[in-house]
>>> print(open('my_file.tsv').read())   # TSV, C-alpha atoms
chain	number	residue	atom	x	y	z
K	1	MET	CA	117.71	82.73	128.50
K	2	PHE	CA	114.25	83.46	127.15
K	3	LYS	CA	113.59	83.78	123.41
K	4	LEU	CA	111.17	86.23	121.89
K	5	LYS	CA	108.55	84.70	119.67
K	6	GLY	CA	107.86	87.69	117.46
K	7	LEU	CA	106.38	91.15	117.33
K	8	HIS	CA	103.14	91.70	119.28
K	9	HIS	CA	102.46	95.26	118.09
K	10	LEU	CA	104.23	98.56	117.47
K	11	GLY	CA	103.46	101.75	119.35
K	12	LEU	CA	104.30	105.27	118.19
K	13	PRO	CA	103.70	108.60	119.93
K	14	VAL	CA	101.98	111.31	117.90
K	15	ASN	CA	101.32	115.01	118.36
K	16	ASP	CA	98.10	115.13	116.33
K	17	MET	CA	96.03	111.93	116.30
K	18	GLU	CA	93.74	112.86	113.41
K	19	ARG	CA	96.64	113.96	111.21
K	20	ALA	CA	98.65	110.81	112.04
K	21	LYS	CA	95.67	108.48	111.51
K	22	LYS	CA	95.04	110.07	108.13
K	23	PHE	CA	98.70	109.58	107.13
K	24	TYR	CA	98.81	105.91	108.11
K	25	THR	CA	95.47	105.05	106.50
K	26	GLU	CA	95.44	107.27	103.40
K	27	VAL	CA	99.17	107.33	102.56
K	28	LEU	CA	100.37	103.95	103.86
K	29	GLY	CA	97.10	102.05	103.34
K	30	MET	CA	96.63	100.69	106.86
K	31	THR	CA	93.16	99.97	108.22
K	32	CYS	CA	91.97	101.76	111.33
K	33	ALA	CA	89.99	99.52	113.68
K	34	LYS	CA	89.24	102.15	116.31
K	35	VAL	CA	90.23	105.45	117.86
K	36	ASP	CA	89.37	105.83	121.52
K	37	VAL	CA	90.60	106.60	125.01
K	38	ASP	CA	92.38	103.47	126.24
K	39	ILE	CA	90.81	102.73	129.62
K	40	ASP	CA	91.31	98.96	129.19
K	41	THR	CA	95.11	98.88	129.19
K	42	GLY	CA	96.00	102.54	129.74
K	43	GLY	CA	96.21	102.43	133.53
K	44	LEU	CA	99.97	102.73	133.69
K	45	TYR	CA	99.83	105.71	131.34
K	46	LYS	CA	97.17	107.31	133.52
K	47	GLU	CA	99.51	107.01	136.50
K	48	ALA	CA	102.39	108.58	134.56
K	49	MET	CA	100.43	111.25	132.61
K	50	GLY	CA	97.38	111.88	134.77
K	51	HIS	CA	94.90	110.70	132.13
K	52	TYR	CA	94.13	107.76	129.89
K	53	PRO	CA	95.76	108.12	126.46
K	54	LEU	CA	93.89	108.60	123.22
K	55	THR	CA	94.93	105.72	120.94
K	56	ALA	CA	94.31	104.56	117.39
K	57	ARG	CA	94.69	100.88	116.50
K	58	LEU	CA	95.77	100.35	112.89
K	59	PHE	CA	96.39	97.13	110.99
K	60	MET	CA	98.72	96.22	108.14
K	61	GLU	CA	97.82	93.69	105.46
K	62	ASN	CA	99.57	90.80	107.29
K	63	GLY	CA	97.68	91.52	110.54
K	64	THR	CA	100.48	93.34	112.36
K	65	ASP	CA	99.07	96.21	114.33
K	66	LEU	CA	100.37	99.68	114.98
K	67	VAL	CA	99.04	101.63	117.94
K	68	LEU	CA	99.31	105.41	117.82
K	69	PHE	CA	99.41	107.14	121.23
K	70	GLN	CA	98.47	110.82	121.55
K	71	ARG	CA	101.23	112.66	123.42
K	72	PRO	CA	100.09	114.58	126.49
K	73	LYS	CA	101.68	117.68	124.91
K	74	PRO	CA	103.20	118.10	121.44
K	75	VAL	CA	106.92	117.55	121.05
K	76	GLU	CA	108.74	119.53	118.39
K	77	ARG	CA	112.03	118.08	117.21
K	78	GLY	CA	114.44	117.97	114.30
K	79	ASP	CA	114.65	115.05	111.91
K	80	PHE	CA	117.29	113.12	113.83
K	81	ASP	CA	117.04	114.59	117.33
K	82	ASP	CA	116.09	111.08	118.52
K	83	GLY	CA	118.88	109.41	116.53
K	84	THR	CA	118.09	106.98	113.75
K	85	SER	CA	115.48	104.85	115.49
K	86	HIS	CA	112.92	103.91	112.87
K	87	LEU	CA	110.02	101.65	111.92
K	88	SER	CA	110.74	99.39	108.92
K	89	LEU	CA	107.74	98.23	106.91
K	90	GLU	CA	107.88	95.42	104.36
K	91	LEU	CA	106.44	95.74	100.86
K	92	ALA	CA	106.21	93.43	97.84
K	93	LYS	CA	108.97	94.28	95.37
K	94	GLU	CA	106.53	94.88	92.51
K	95	ASP	CA	104.92	97.70	94.54
K	96	PHE	CA	108.12	99.61	95.37
K	97	ALA	CA	108.03	102.17	92.52
K	98	THR	CA	104.33	102.82	93.14
K	99	ALA	CA	104.96	103.32	96.86
K	100	VAL	CA	107.73	105.87	96.23
K	101	ALA	CA	105.53	107.73	93.72
K	102	ASP	CA	102.58	107.70	96.14
K	103	LEU	CA	104.74	109.04	98.96
K	104	LYS	CA	105.97	111.87	96.71
K	105	ASN	CA	102.45	112.65	95.48
K	106	SER	CA	101.27	112.83	99.09
K	107	GLY	CA	103.92	115.43	99.91
K	108	VAL	CA	105.79	113.13	102.30
K	109	LYS	CA	109.24	114.28	103.40
K	110	ILE	CA	111.57	111.68	101.86
K	111	MET	CA	115.08	111.32	103.27
K	112	TYR	CA	116.45	108.66	100.88
K	113	GLU	CA	114.37	107.83	97.84
K	114	GLU	CA	116.07	104.54	97.01
K	115	HIS	CA	118.78	102.87	99.05
K	116	VAL	CA	119.92	99.55	97.53
K	117	ARG	CA	121.92	96.87	99.33
K	118	GLU	CA	122.15	93.07	99.25
K	119	SER	CA	118.97	92.58	101.28
K	120	GLY	CA	116.85	94.78	99.03
K	121	ARG	CA	115.68	98.32	98.27
K	122	SER	CA	114.40	100.85	100.75
K	123	VAL	CA	112.88	104.29	100.85
K	124	TYR	CA	113.33	106.30	104.08
K	125	PHE	CA	110.89	109.05	105.01
K	126	PHE	CA	109.10	110.84	107.88
K	127	ASP	CA	105.48	110.60	108.94
K	128	THR	CA	103.48	113.71	109.81
K	129	GLU	CA	104.65	113.43	113.44
K	130	GLY	CA	108.38	113.35	112.71
K	131	ASN	CA	108.76	109.58	113.13
K	132	TYR	CA	111.42	108.10	110.83
K	133	LEU	CA	110.06	105.27	108.65
K	134	GLN	CA	111.42	102.83	106.08
K	135	ILE	CA	109.67	100.80	103.42
K	136	HIS	CA	111.83	97.82	102.46
K	137	THR	CA	111.41	95.29	99.67
K	138	PRO	CA	113.61	92.36	98.64
K	139	LEU	CA	115.51	92.58	95.35
>>> encode(input="my_file.tsv", output="structure tokens")
Amino acid sequence: MFKLKGLHHLGLPVNDMERAKKFYTEVLGMTCAKVDVDIDTGGLYKEAMGHYPLTARLFMENGTDLVLFQRPKPVERGDFDDGTSHLSLELAKEDFATAVADLKNSGVKIMYEEHVRESGRSVYFFDTEGNYLQIHTPL
């Protein structure tokens, strides 16, 4: 049986690339390295969609990257139409209150403001594209 070494990158589909990029950089503080049409690795998407996808490559403080993929056509859905699949992001515990306040001040749709359990505290919310996100910090 093979064993996975770790996370290479995360990929999320978005309806509106500019709106999503702004959310992840201005609200969540990620750095955007580039936004372009992915002709290097987008061949399989071209076969499936008929064109190369527009992508944005974003980086978190620890170097983990998030790749946003422009959907070929917008998808409208309810909060949990896709179930509870979500992206969980880690944060230093001393920044938790600030993060929740910043999310509120940015008008982010928050599902659970503070969920506490043995492993830590979390805030659950939605990005501008309807993706369910979590910020988690240890206690």
>>> axis_aligned_box(input="my_file.tsv", around="segment 5-10 of chain K", padding_each_side="6 Å", output="JSON")
{"center_x": 105.5, "center_y": 91.6, "center_z": 118.5, "size_x": 18.1, "size_y": 25.9, "size_z": 14.3}
>>> closest_atom_pairs(input="my_file.tsv", of="segment 71-134 of chain K", to="segment 28-33 of chain K", cutoff="9 Å", atoms="all atoms listed in the file", output="tab-separated table")
residue	atom	partner	partner_atom	distance
K:Ala99	CA	K:Leu28	CA	8.4
K:Asp102	CA	K:Leu28	CA	8.9
K:Leu103	CA	K:Leu28	CA	8.3
>>> atom_distance(input="my_file.tsv", atom1="atom CA of Thr55 of chain K", atom2="atom CA of Asp38 of chain K")
6.3 Å
>>> closest_residue(input="my_file.tsv", among="K:Ile39, K:Val67, K:Val123, K:Leu133", to="Lys21 of chain K", atoms="all atoms listed in the file")
K:Val67
>>> residues_near_point(input="my_file.tsv", point="(105.4, 106.6, 121.8)", cutoff="8 Å", atoms="only C-alpha atoms", output="JSON, numbers by chain")
{"K": [11, 12, 13, 14, 68, 69, 71]}
>>> atom_distance(input="my_file.tsv", atom1="atom CA of Phe23 of chain K", atom2="atom CA of Lys109 of chain K")
12.1 Å
>>> residues_around(input="my_file.tsv", residues="Thr64 of chain K", least_positions_apart="5", cutoff="10 Å", atoms="only C-alpha atoms", output="list in words")
Leu7, His8, His9, Leu10, Met30, Leu58 and Phe59 of chain K
>>> atom_distance(input="my_file.tsv", atom1="atom CA of Thr98 of chain K", atom2="atom CA of Tyr132 of chain K")
19.8 Å
>>> build_atoms(input="my_file.tsv", residues="segment 24-43 of chain K", atoms="N, CA, C and O atoms", output="PDB file, keeping the file's coordinate frame")
ATOM      1  N   TYR K  24      98.619 107.359 108.118  1.00  0.00           N
ATOM      2  CA  TYR K  24      98.810 105.910 108.110  1.00  0.00           C
ATOM      3  C   TYR K  24      97.722 105.162 107.339  1.00  0.00           C
ATOM      4  O   TYR K  24      97.970 104.103 106.784  1.00  0.00           O
ATOM      5  N   THR K  25      96.529 105.719 107.262  1.00  0.00           N
ATOM      6  CA  THR K  25      95.470 105.050 106.500  1.00  0.00           C
ATOM      7  C   THR K  25      95.469 105.485 105.032  1.00  0.00           C
ATOM      8  O   THR K  25      95.438 104.645 104.140  1.00  0.00           O
ATOM      9  N   GLU K  26      95.549 106.787 104.775  1.00  0.00           N
ATOM     10  CA  GLU K  26      95.440 107.270 103.400  1.00  0.00           C
ATOM     11  C   GLU K  26      96.739 107.196 102.613  1.00  0.00           C
ATOM     12  O   GLU K  26      96.715 106.989 101.406  1.00  0.00           O
ATOM     13  N   VAL K  27      97.883 107.372 103.271  1.00  0.00           N
ATOM     14  CA  VAL K  27      99.170 107.330 102.560  1.00  0.00           C
ATOM     15  C   VAL K  27      99.765 105.934 102.585  1.00  0.00           C
ATOM     16  O   VAL K  27     100.219 105.423 101.566  1.00  0.00           O
ATOM     17  N   LEU K  28      99.747 105.272 103.742  1.00  0.00           N
ATOM     18  CA  LEU K  28     100.370 103.950 103.860  1.00  0.00           C
ATOM     19  C   LEU K  28      99.380 102.795 103.743  1.00  0.00           C
ATOM     20  O   LEU K  28      99.780 101.634 103.762  1.00  0.00           O
ATOM     21  N   GLY K  29      98.094 103.084 103.634  1.00  0.00           N
ATOM     22  CA  GLY K  29      97.100 102.050 103.340  1.00  0.00           C
ATOM     23  C   GLY K  29      96.745 101.124 104.491  1.00  0.00           C
ATOM     24  O   GLY K  29      96.203 100.044 104.266  1.00  0.00           O
ATOM     25  N   MET K  30      97.017 101.520 105.723  1.00  0.00           N
ATOM     26  CA  MET K  30      96.630 100.690 106.860  1.00  0.00           C
ATOM     27  C   MET K  30      95.137 100.865 107.127  1.00  0.00           C
ATOM     28  O   MET K  30      94.525 101.831 106.691  1.00  0.00           O
ATOM     29  N   THR K  31      94.572  99.921 107.850  1.00  0.00           N
ATOM     30  CA  THR K  31      93.160  99.970 108.220  1.00  0.00           C
ATOM     31  C   THR K  31      93.052 100.391 109.680  1.00  0.00           C
ATOM     32  O   THR K  31      93.762  99.854 110.525  1.00  0.00           O
ATOM     33  N   CYS K  32      92.170 101.316 109.951  1.00  0.00           N
ATOM     34  CA  CYS K  32      91.970 101.760 111.330  1.00  0.00           C
ATOM     35  C   CYS K  32      90.788 101.012 111.934  1.00  0.00           C
ATOM     36  O   CYS K  32      89.670 101.086 111.421  1.00  0.00           O
ATOM     37  N   ALA K  33      91.044 100.271 113.015  1.00  0.00           N
ATOM     38  CA  ALA K  33      89.990  99.520 113.680  1.00  0.00           C
ATOM     39  C   ALA K  33      89.215 100.411 114.652  1.00  0.00           C
ATOM     40  O   ALA K  33      87.997 100.312 114.743  1.00  0.00           O
ATOM     41  N   LYS K  34      89.942 101.270 115.384  1.00  0.00           N
ATOM     42  CA  LYS K  34      89.240 102.150 116.310  1.00  0.00           C
ATOM     43  C   LYS K  34      90.169 103.254 116.803  1.00  0.00           C
ATOM     44  O   LYS K  34      91.387 103.118 116.800  1.00  0.00           O
ATOM     45  N   VAL K  35      89.550 104.350 117.193  1.00  0.00           N
ATOM     46  CA  VAL K  35      90.230 105.450 117.860  1.00  0.00           C
ATOM     47  C   VAL K  35      89.420 105.694 119.131  1.00  0.00           C
ATOM     48  O   VAL K  35      88.213 105.922 119.058  1.00  0.00           O
ATOM     49  N   ASP K  36      90.092 105.567 120.272  1.00  0.00           N
ATOM     50  CA  ASP K  36      89.370 105.830 121.520  1.00  0.00           C
ATOM     51  C   ASP K  36      90.349 106.055 122.663  1.00  0.00           C
ATOM     52  O   ASP K  36      91.555 105.902 122.512  1.00  0.00           O
ATOM     53  N   VAL K  37      89.809 106.433 123.793  1.00  0.00           N
ATOM     54  CA  VAL K  37      90.600 106.600 125.010  1.00  0.00           C
ATOM     55  C   VAL K  37      90.793 105.195 125.581  1.00  0.00           C
ATOM     56  O   VAL K  37      89.834 104.452 125.770  1.00  0.00           O
ATOM     57  N   ASP K  38      92.037 104.829 125.827  1.00  0.00           N
ATOM     58  CA  ASP K  38      92.380 103.470 126.240  1.00  0.00           C
ATOM     59  C   ASP K  38      92.239 103.305 127.755  1.00  0.00           C
ATOM     60  O   ASP K  38      93.201 103.430 128.501  1.00  0.00           O
ATOM     61  N   ILE K  39      91.014 102.973 128.190  1.00  0.00           N
ATOM     62  CA  ILE K  39      90.810 102.730 129.620  1.00  0.00           C
ATOM     63  C   ILE K  39      91.058 101.261 129.967  1.00  0.00           C
ATOM     64  O   ILE K  39      91.235 100.921 131.130  1.00  0.00           O
ATOM     65  N   ASP K  40      91.084 100.383 128.949  1.00  0.00           N
ATOM     66  CA  ASP K  40      91.310  98.960 129.190  1.00  0.00           C
ATOM     67  C   ASP K  40      92.741  98.673 129.637  1.00  0.00           C
ATOM     68  O   ASP K  40      92.964  97.988 130.625  1.00  0.00           O
ATOM     69  N   THR K  41      93.712  99.175 128.890  1.00  0.00           N
ATOM     70  CA  THR K  41      95.110  98.880 129.190  1.00  0.00           C
ATOM     71  C   THR K  41      95.927 100.126 129.509  1.00  0.00           C
ATOM     72  O   THR K  41      97.129 100.041 129.711  1.00  0.00           O
ATOM     73  N   GLY K  42      95.282 101.279 129.563  1.00  0.00           N
ATOM     74  CA  GLY K  42      96.000 102.540 129.740  1.00  0.00           C
ATOM     75  C   GLY K  42      96.261 102.964 131.168  1.00  0.00           C
ATOM     76  O   GLY K  42      96.685 104.091 131.416  1.00  0.00           O
ATOM     77  N   GLY K  43      96.034 102.074 132.136  1.00  0.00           N
ATOM     78  CA  GLY K  43      96.210 102.430 133.530  1.00  0.00           C
ATOM     79  C   GLY K  43      97.589 102.929 133.875  1.00  0.00           C
ATOM     80  O   GLY K  43      97.749 103.920 134.595  1.00  0.00           O
TER      81      GLY K  43
END
